[in-house]
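Below: one structure, written as structure tokens.
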Amino acid sequence: MRAIPTDRGTCPFDPPAGMADEPLSKVRLANGDQVWLVARHDLVRQVLADTRFSSEIDGGFLGAPLRAVEPDPGMFIQMDPPRHTRLRRLMTGRFTVQRMNRLRPRVEQIVTDTLDALEQRPRPADLVEEFALPIPSLVICELLGVPYAEREEFQHASAKILSLTTTVEEQEATLIRLAGYLAELIARKRAEPGEGLLDDLLDTDLTDDELIGVAVLMLIAGHETTANMLSLGTLLLLHHPEQLALVRQSPEAAKTAVDELLRYLSIVDVGMYRRAGTDLELNGQVIPEGDFVTCSLASANRDPALLDRPDELRVTRPKTPHVAFGFGPHQCIGQNLARMEMEIAYPALFRRLPGLRLAVPLEKVPFKNDMAIYGVHRLEVEW
């Protein structure tokens with residue numbers, strides 16, 4: 001049995017070589033677990049849409065074995081219906097396109113202020129530290145009602161939790177510290193409510209433990225994914241100057257570029273594990289009850305059946321039904337916010353810094369091969 005592919009070969013923007021060799025195959029994880037790897041677009045959507053493939057799973061990273069779990073309060077990403085349905089319904093109405101668009105002027109101001117500060121920095125500057133990370137961090141802080149001055153509490157925790165090199169014990173200790181901080185923050189909000197999403201949720205039937213779980217998910221997912229897309233997407237466009245020129249010249253291309261970058265990069269790939277709740281058939285193969293499945297979102301988004309020439313980056317490409325945000329009942333709840341941030345940030349960056357360029361060769365850029373969400377640790381640039 002082959003090991004799950006992890007080597008990206010000569011191109012750091014492509015999925016690991018061999019990931020899509022078969023639409024459905026049995027592979028071995030680094031921890032020794034055997035799982036079914038799903039790599040074809042239609043099959044990935046089938047798995048993610050079918051709640052008979054349970055999400056109540058832990059493990060798969062840091063050497064921990066995959067296992068069925070009783071999810072922690074509020075951790076709806078690890079829940080099945082009806083528990084998942086209750087929490088998802090509470091959150092969905094708070095992340096609509098209309099509600100996110102009301103945030104647009106504030107996000108535009110955050111991007112402008114961040115670029116003002118970046119222009120004053122010594123060169124070369126780290127685009128991750130000075131641009132890609134501050135924007136979504138400040139946005140999620142304002143959305144949730146978390147003081148931005150306390151952002152290090154969740155930025156440090158996110159880095160630890162998503163690292164593939166920390167130990168299980170370190171990860172658990174980090175989660176305990178983050179939960180302790182959030183418990184104290186929620187207590188402050190109960191004493192003196194504000195206007196953030198967490199304050200809004202105080203009036204629901206969520207317990208404090210559920211509020212903490214929801215806040216952990218929103219803080220980590222709400223800034224790490226967008227931060228990685230902003231830095232890695234910028235690097236990809238710098239590597240494709242003809243596509244970057246289209247983004248600079250055309251407002252419409254600047255908007256369609258976001259979905260194309262999401263599809264092309266698929267920074268969250270095989271971390272979505274599922275467990276067969278009963279014997280299930282997939283692509284003519286019976287997946288026995290209790291077996292674990294993982295979906296390669298990156299391979300699904302490069303499926304030739306999905307679109308023409310999938311390995312080409314084309315920022316003017318019509319929107320495709322990619323699965324970069326997942327699919328089905330667990331599809332990313334914050335996708336409208338993430339898209340808006342990127343639609344504002346990419347063109348603003350290239351408009352303000354028309355001479356933006358890498359300060360180091362591509363092979364010297366430290367990619368996040370050691371993290372559960374792909375990206376770059378640093379991105380040294382000049383202009």
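In the structure tokens, each chain is lettered A, B, ... as it comes, each chain's residues begin at 1, and ligands are numbered from 1 in order of appearance.
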Practice task
Just the residues within 12 Å of Leu246 in chain A, please, counting only C-alpha atoms, with nothing from its chain fewer than 3 positions along; format it as an MDAnalysis selection string.
Solution key: chainID A and resid 237:238 240:243 249:257 313:317 347 350
How about saving the chosen residues, N, CA and C atoms kept, as a PDB file, in the first residue's frame?
ATOM      1  N   LEU A 237       0.697  35.017  -8.295  1.00  0.00           N
ATOM      2  CA  LEU A 237       0.517  36.035  -9.334  1.00  0.00           C
ATOM      3  C   LEU A 237       1.849  36.659  -9.744  1.00  0.00           C
ATOM      4  N   LEU A 238       2.736  36.880  -8.795  1.00  0.00           N
ATOM      5  CA  LEU A 238       4.064  37.390  -9.141  1.00  0.00           C
ATOM      6  C   LEU A 238       4.817  36.396 -10.021  1.00  0.00           C
ATOM      7  N   HIS A 240       3.333  34.545 -12.190  1.00  0.00           N
ATOM      8  CA  HIS A 240       2.630  34.532 -13.479  1.00  0.00           C
ATOM      9  C   HIS A 240       2.333  35.980 -13.887  1.00  0.00           C
ATOM     10  N   PRO A 241       3.342  36.706 -14.353  1.00  0.00           N
ATOM     11  CA  PRO A 241       3.166  38.145 -14.617  1.00  0.00           C
ATOM     12  C   PRO A 241       2.091  38.469 -15.640  1.00  0.00           C
ATOM     13  N   GLU A 242       1.835  37.571 -16.583  1.00  0.00           N
ATOM     14  CA  GLU A 242       0.794  37.849 -17.583  1.00  0.00           C
ATOM     15  C   GLU A 242      -0.589  37.813 -16.938  1.00  0.00           C
ATOM     16  N   GLN A 243      -0.775  36.945 -15.937  1.00  0.00           N
ATOM     17  CA  GLN A 243      -2.040  36.900 -15.208  1.00  0.00           C
ATOM     18  C   GLN A 243      -2.153  38.078 -14.240  1.00  0.00           C
ATOM     19  N   GLN A 249      -5.200  45.369 -14.702  1.00  0.00           N
ATOM     20  CA  GLN A 249      -5.851  46.151 -15.755  1.00  0.00           C
ATOM     21  C   GLN A 249      -7.369  46.095 -15.703  1.00  0.00           C
ATOM     22  N   SER A 250      -7.920  45.002 -15.173  1.00  0.00           N
ATOM     23  CA  SER A 250      -9.357  44.785 -15.282  1.00  0.00           C
ATOM     24  C   SER A 250      -9.998  44.548 -13.918  1.00  0.00           C
ATOM     25  N   PRO A 251     -10.923  45.408 -13.495  1.00  0.00           N
ATOM     26  CA  PRO A 251     -11.645  45.149 -12.241  1.00  0.00           C
ATOM     27  C   PRO A 251     -12.384  43.819 -12.247  1.00  0.00           C
ATOM     28  N   GLU A 252     -12.909  43.437 -13.399  1.00  0.00           N
ATOM     29  CA  GLU A 252     -13.620  42.166 -13.481  1.00  0.00           C
ATOM     30  C   GLU A 252     -12.657  40.993 -13.292  1.00  0.00           C
ATOM     31  N   ALA A 253     -11.463  41.091 -13.900  1.00  0.00           N
ATOM     32  CA  ALA A 253     -10.464  40.033 -13.726  1.00  0.00           C
ATOM     33  C   ALA A 253      -9.993  39.966 -12.276  1.00  0.00           C
ATOM     34  N   ALA A 254      -9.898  41.121 -11.625  1.00  0.00           N
ATOM     35  CA  ALA A 254      -9.493  41.141 -10.223  1.00  0.00           C
ATOM     36  C   ALA A 254     -10.493  40.387  -9.358  1.00  0.00           C
ATOM     37  N   LYS A 255     -11.766  40.423  -9.742  1.00  0.00           N
ATOM     38  CA  LYS A 255     -12.791  39.715  -8.976  1.00  0.00           C
ATOM     39  C   LYS A 255     -12.803  38.228  -9.297  1.00  0.00           C
ATOM     40  N   THR A 256     -12.766  37.868 -10.580  1.00  0.00           N
ATOM     41  CA  THR A 256     -12.779  36.444 -10.941  1.00  0.00           C
ATOM     42  C   THR A 256     -11.488  35.754 -10.511  1.00  0.00           C
ATOM     43  N   ALA A 257     -10.415  36.530 -10.359  1.00  0.00           N
ATOM     44  CA  ALA A 257      -9.140  35.946  -9.945  1.00  0.00           C
ATOM     45  C   ALA A 257      -9.242  35.262  -8.588  1.00  0.00           C
ATOM     46  N   LEU A 313      -3.305  28.437 -14.761  1.00  0.00           N
ATOM     47  CA  LEU A 313      -3.878  29.545 -14.000  1.00  0.00           C
ATOM     48  C   LEU A 313      -4.433  30.563 -14.988  1.00  0.00           C
ATOM     49  N   ARG A 314      -5.746  30.792 -14.923  1.00  0.00           N
ATOM     50  CA  ARG A 314      -6.401  31.758 -15.820  1.00  0.00           C
ATOM     51  C   ARG A 314      -7.361  32.598 -14.994  1.00  0.00           C
ATOM     52  N   VAL A 315      -6.934  33.816 -14.657  1.00  0.00           N
ATOM     53  CA  VAL A 315      -7.704  34.642 -13.720  1.00  0.00           C
ATOM     54  C   VAL A 315      -9.025  35.119 -14.305  1.00  0.00           C
ATOM     55  N   THR A 316      -9.192  35.024 -15.611  1.00  0.00           N
ATOM     56  CA  THR A 316     -10.465  35.415 -16.233  1.00  0.00           C
ATOM     57  C   THR A 316     -11.392  34.216 -16.436  1.00  0.00           C
ATOM     58  N   ARG A 317     -11.018  33.083 -15.909  1.00  0.00           N
ATOM     59  CA  ARG A 317     -11.808  31.864 -16.079  1.00  0.00           C
ATOM     60  C   ARG A 317     -13.184  32.048 -15.440  1.00  0.00           C
ATOM     61  N   PRO A 347      -6.338  43.555  -5.427  1.00  0.00           N
ATOM     62  CA  PRO A 347      -6.169  44.707  -6.319  1.00  0.00           C
ATOM     63  C   PRO A 347      -5.603  45.924  -5.612  1.00  0.00           C
ATOM     64  N   PHE A 350      -1.721  45.512  -5.451  1.00  0.00           N
ATOM     65  CA  PHE A 350      -1.019  45.688  -6.719  1.00  0.00           C
ATOM     66  C   PHE A 350      -1.201  47.099  -7.285  1.00  0.00           C
TER      67      PHE A 350
END
Practice task
Excluding Arg88 in chain A and residues on its chain fewer than 3 positions from it, collect all residues at most 9 Å away from it, counting only C-alpha atoms, and give them as a ChimeraX atom specification.
Solution key: /A:76,83-85,91-92,329-330,333
Export, as a PDB file, in the first residue's frame, the selected residues with N, CA and C atoms.
ATOM      1  N   PHE A  76     -18.654  22.529  15.966  1.00  0.00           N
ATOM      2  CA  PHE A  76     -19.616  21.975  15.015  1.00  0.00           C
ATOM      3  C   PHE A  76     -18.960  21.417  13.764  1.00  0.00           C
ATOM      4  N   ARG A  83     -26.920  17.645  15.986  1.00  0.00           N
ATOM      5  CA  ARG A  83     -26.144  18.641  16.736  1.00  0.00           C
ATOM      6  C   ARG A  83     -25.530  19.679  15.805  1.00  0.00           C
ATOM      7  N   HIS A  84     -24.980  19.188  14.698  1.00  0.00           N
ATOM      8  CA  HIS A  84     -24.384  20.116  13.745  1.00  0.00           C
ATOM      9  C   HIS A  84     -25.433  21.068  13.184  1.00  0.00           C
ATOM     10  N   THR A  85     -26.605  20.548  12.878  1.00  0.00           N
ATOM     11  CA  THR A  85     -27.667  21.349  12.273  1.00  0.00           C
ATOM     12  C   THR A  85     -28.049  22.519  13.174  1.00  0.00           C
ATOM     13  N   MET A  91     -25.390  29.987  13.081  1.00  0.00           N
ATOM     14  CA  MET A  91     -24.299  30.775  12.517  1.00  0.00           C
ATOM     15  C   MET A  91     -24.566  31.246  11.096  1.00  0.00           C
ATOM     16  N   THR A  92     -25.324  30.468  10.318  1.00  0.00           N
ATOM     17  CA  THR A  92     -25.467  30.759   8.890  1.00  0.00           C
ATOM     18  C   THR A  92     -26.008  32.163   8.630  1.00  0.00           C
ATOM     19  N   PRO A 329     -22.911  19.972   3.936  1.00  0.00           N
ATOM     20  CA  PRO A 329     -23.321  20.642   5.174  1.00  0.00           C
ATOM     21  C   PRO A 329     -22.192  21.291   5.946  1.00  0.00           C
ATOM     22  N   HIS A 330     -20.950  20.879   5.688  1.00  0.00           N
ATOM     23  CA  HIS A 330     -19.818  21.461   6.396  1.00  0.00           C
ATOM     24  C   HIS A 330     -19.039  22.469   5.541  1.00  0.00           C
ATOM     25  N   ILE A 333     -18.351  28.204   6.436  1.00  0.00           N
ATOM     26  CA  ILE A 333     -19.405  29.169   6.728  1.00  0.00           C
ATOM     27  C   ILE A 333     -18.938  30.608   6.494  1.00  0.00           C
TER      28      ILE A 333
END
Handout entry: Contacts of range 178-186 of chain A at 10 Å (only C-alpha atoms; same-chain gap of 4+ positions) as a ChimeraX atom specification
Key = /A:145-147,150,153-154,156-158,172-174,190-193,198-199,202,208-209,211-213,215-216
What would the file look like if the residues just selected were written as a PDB file, in the first residue's frame with C-alpha atoms?
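Now in again09.pdb:
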ATOM      1  CA  GLY A 145     -15.744  41.539  19.085  1.00  0.00           C
ATOM      2  CA  VAL A 146     -12.248  40.451  20.171  1.00  0.00           C
ATOM      3  CA  PRO A 147      -9.871  43.298  21.150  1.00  0.00           C
ATOM      4  CA  GLU A 150      -5.156  40.681  22.288  1.00  0.00           C
ATOM      5  CA  GLU A 153      -3.581  35.051  22.042  1.00  0.00           C
ATOM      6  CA  PHE A 154      -5.130  33.403  18.980  1.00  0.00           C
ATOM      7  CA  HIS A 156       0.110  32.047  18.538  1.00  0.00           C
ATOM      8  CA  ALA A 157      -2.501  29.394  19.287  1.00  0.00           C
ATOM      9  CA  SER A 158      -3.372  29.008  15.596  1.00  0.00           C
ATOM     10  CA  GLU A 172      -3.870  20.152  23.813  1.00  0.00           C
ATOM     11  CA  ALA A 173      -2.125  22.607  26.148  1.00  0.00           C
ATOM     12  CA  THR A 174      -2.503  25.347  23.548  1.00  0.00           C
ATOM     13  CA  ARG A 190     -21.586  39.252  29.784  1.00  0.00           C
ATOM     14  CA  ALA A 191     -20.702  42.052  32.208  1.00  0.00           C
ATOM     15  CA  GLU A 192     -20.422  44.675  29.467  1.00  0.00           C
ATOM     16  CA  PRO A 193     -21.822  43.542  26.067  1.00  0.00           C
ATOM     17  CA  LEU A 198     -19.831  36.830  20.195  1.00  0.00           C
ATOM     18  CA  ASP A 199     -21.901  39.482  21.961  1.00  0.00           C
ATOM     19  CA  LEU A 202     -24.896  35.757  24.173  1.00  0.00           C
ATOM     20  CA  ASP A 208     -20.539  29.268  27.645  1.00  0.00           C
ATOM     21  CA  ASP A 209     -18.692  26.064  26.692  1.00  0.00           C
ATOM     22  CA  LEU A 211     -19.577  29.791  22.853  1.00  0.00           C
ATOM     23  CA  ILE A 212     -15.923  29.007  23.554  1.00  0.00           C
ATOM     24  CA  GLY A 213     -15.916  26.182  20.994  1.00  0.00           C
ATOM     25  CA  ALA A 215     -15.087  31.182  19.074  1.00  0.00           C
ATOM     26  CA  VAL A 216     -12.079  28.856  18.742  1.00  0.00           C
TER      27      VAL A 216
END
Practice task
Output as an MDAnalysis selection string all residues of range 181-352 of chain A that backbone DSSP marks as strand (DSSP E or B).
Solution key: chainID A and resid 273:276 280:282 285:287 292:295
Those selected residues, please, written with N, CA and C atoms and delivered as a compact mmCIF listing (two decimals), in the first residue's frame.
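As a result, selection36.txt now contains:
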# COMPACT_ATOMS: atom_id res chain seq x y z
N TYR A 273 -11.34 14.52 7.21
CA TYR A 273 -11.55 13.09 7.36
C TYR A 273 -13.01 12.78 7.63
N ARG A 274 -13.45 11.64 7.16
CA ARG A 274 -14.80 11.15 7.40
C ARG A 274 -14.71 9.66 7.76
N ARG A 275 -15.75 9.16 8.46
CA ARG A 275 -15.81 7.75 8.84
C ARG A 275 -17.12 7.16 8.35
N ALA A 276 -17.04 6.05 7.66
CA ALA A 276 -18.25 5.42 7.14
C ALA A 276 -19.12 4.93 8.29
N LEU A 280 -20.87 1.62 2.74
CA LEU A 280 -21.27 2.60 1.73
C LEU A 280 -20.54 2.32 0.43
N GLU A 281 -21.24 2.51 -0.68
CA GLU A 281 -20.62 2.28 -1.99
C GLU A 281 -20.13 3.60 -2.57
N LEU A 282 -18.93 3.56 -3.08
CA LEU A 282 -18.33 4.74 -3.70
C LEU A 282 -17.52 4.31 -4.91
N GLN A 285 -16.97 0.69 -5.29
CA GLN A 285 -16.21 0.05 -4.21
C GLN A 285 -16.99 0.19 -2.90
N VAL A 286 -17.11 -0.90 -2.15
CA VAL A 286 -17.76 -0.83 -0.85
C VAL A 286 -16.76 -0.30 0.18
N ILE A 287 -17.13 0.78 0.84
CA ILE A 287 -16.34 1.30 1.96
C ILE A 287 -16.95 0.72 3.22
N PHE A 292 -12.08 4.88 7.44
CA PHE A 292 -11.90 6.32 7.34
C PHE A 292 -11.61 6.72 5.89
N VAL A 293 -12.08 7.91 5.56
CA VAL A 293 -11.93 8.45 4.20
C VAL A 293 -11.36 9.85 4.31
N THR A 294 -10.50 10.22 3.37
CA THR A 294 -10.06 11.61 3.27
C THR A 294 -10.17 12.05 1.83
N CYS A 295 -10.56 13.30 1.64
CA CYS A 295 -10.78 13.85 0.29
C CYS A 295 -9.67 14.82 -0.06
Exercise for the section: Could you give me, as a VMD selection string, each residue of range 48-131 of chain A that DSSP assigns to alpha helix (DSSP H) when run on this structure's backbone? Expected result: chain A and resid 48 to 49 83 to 92 97 to 102 104 to 119 127
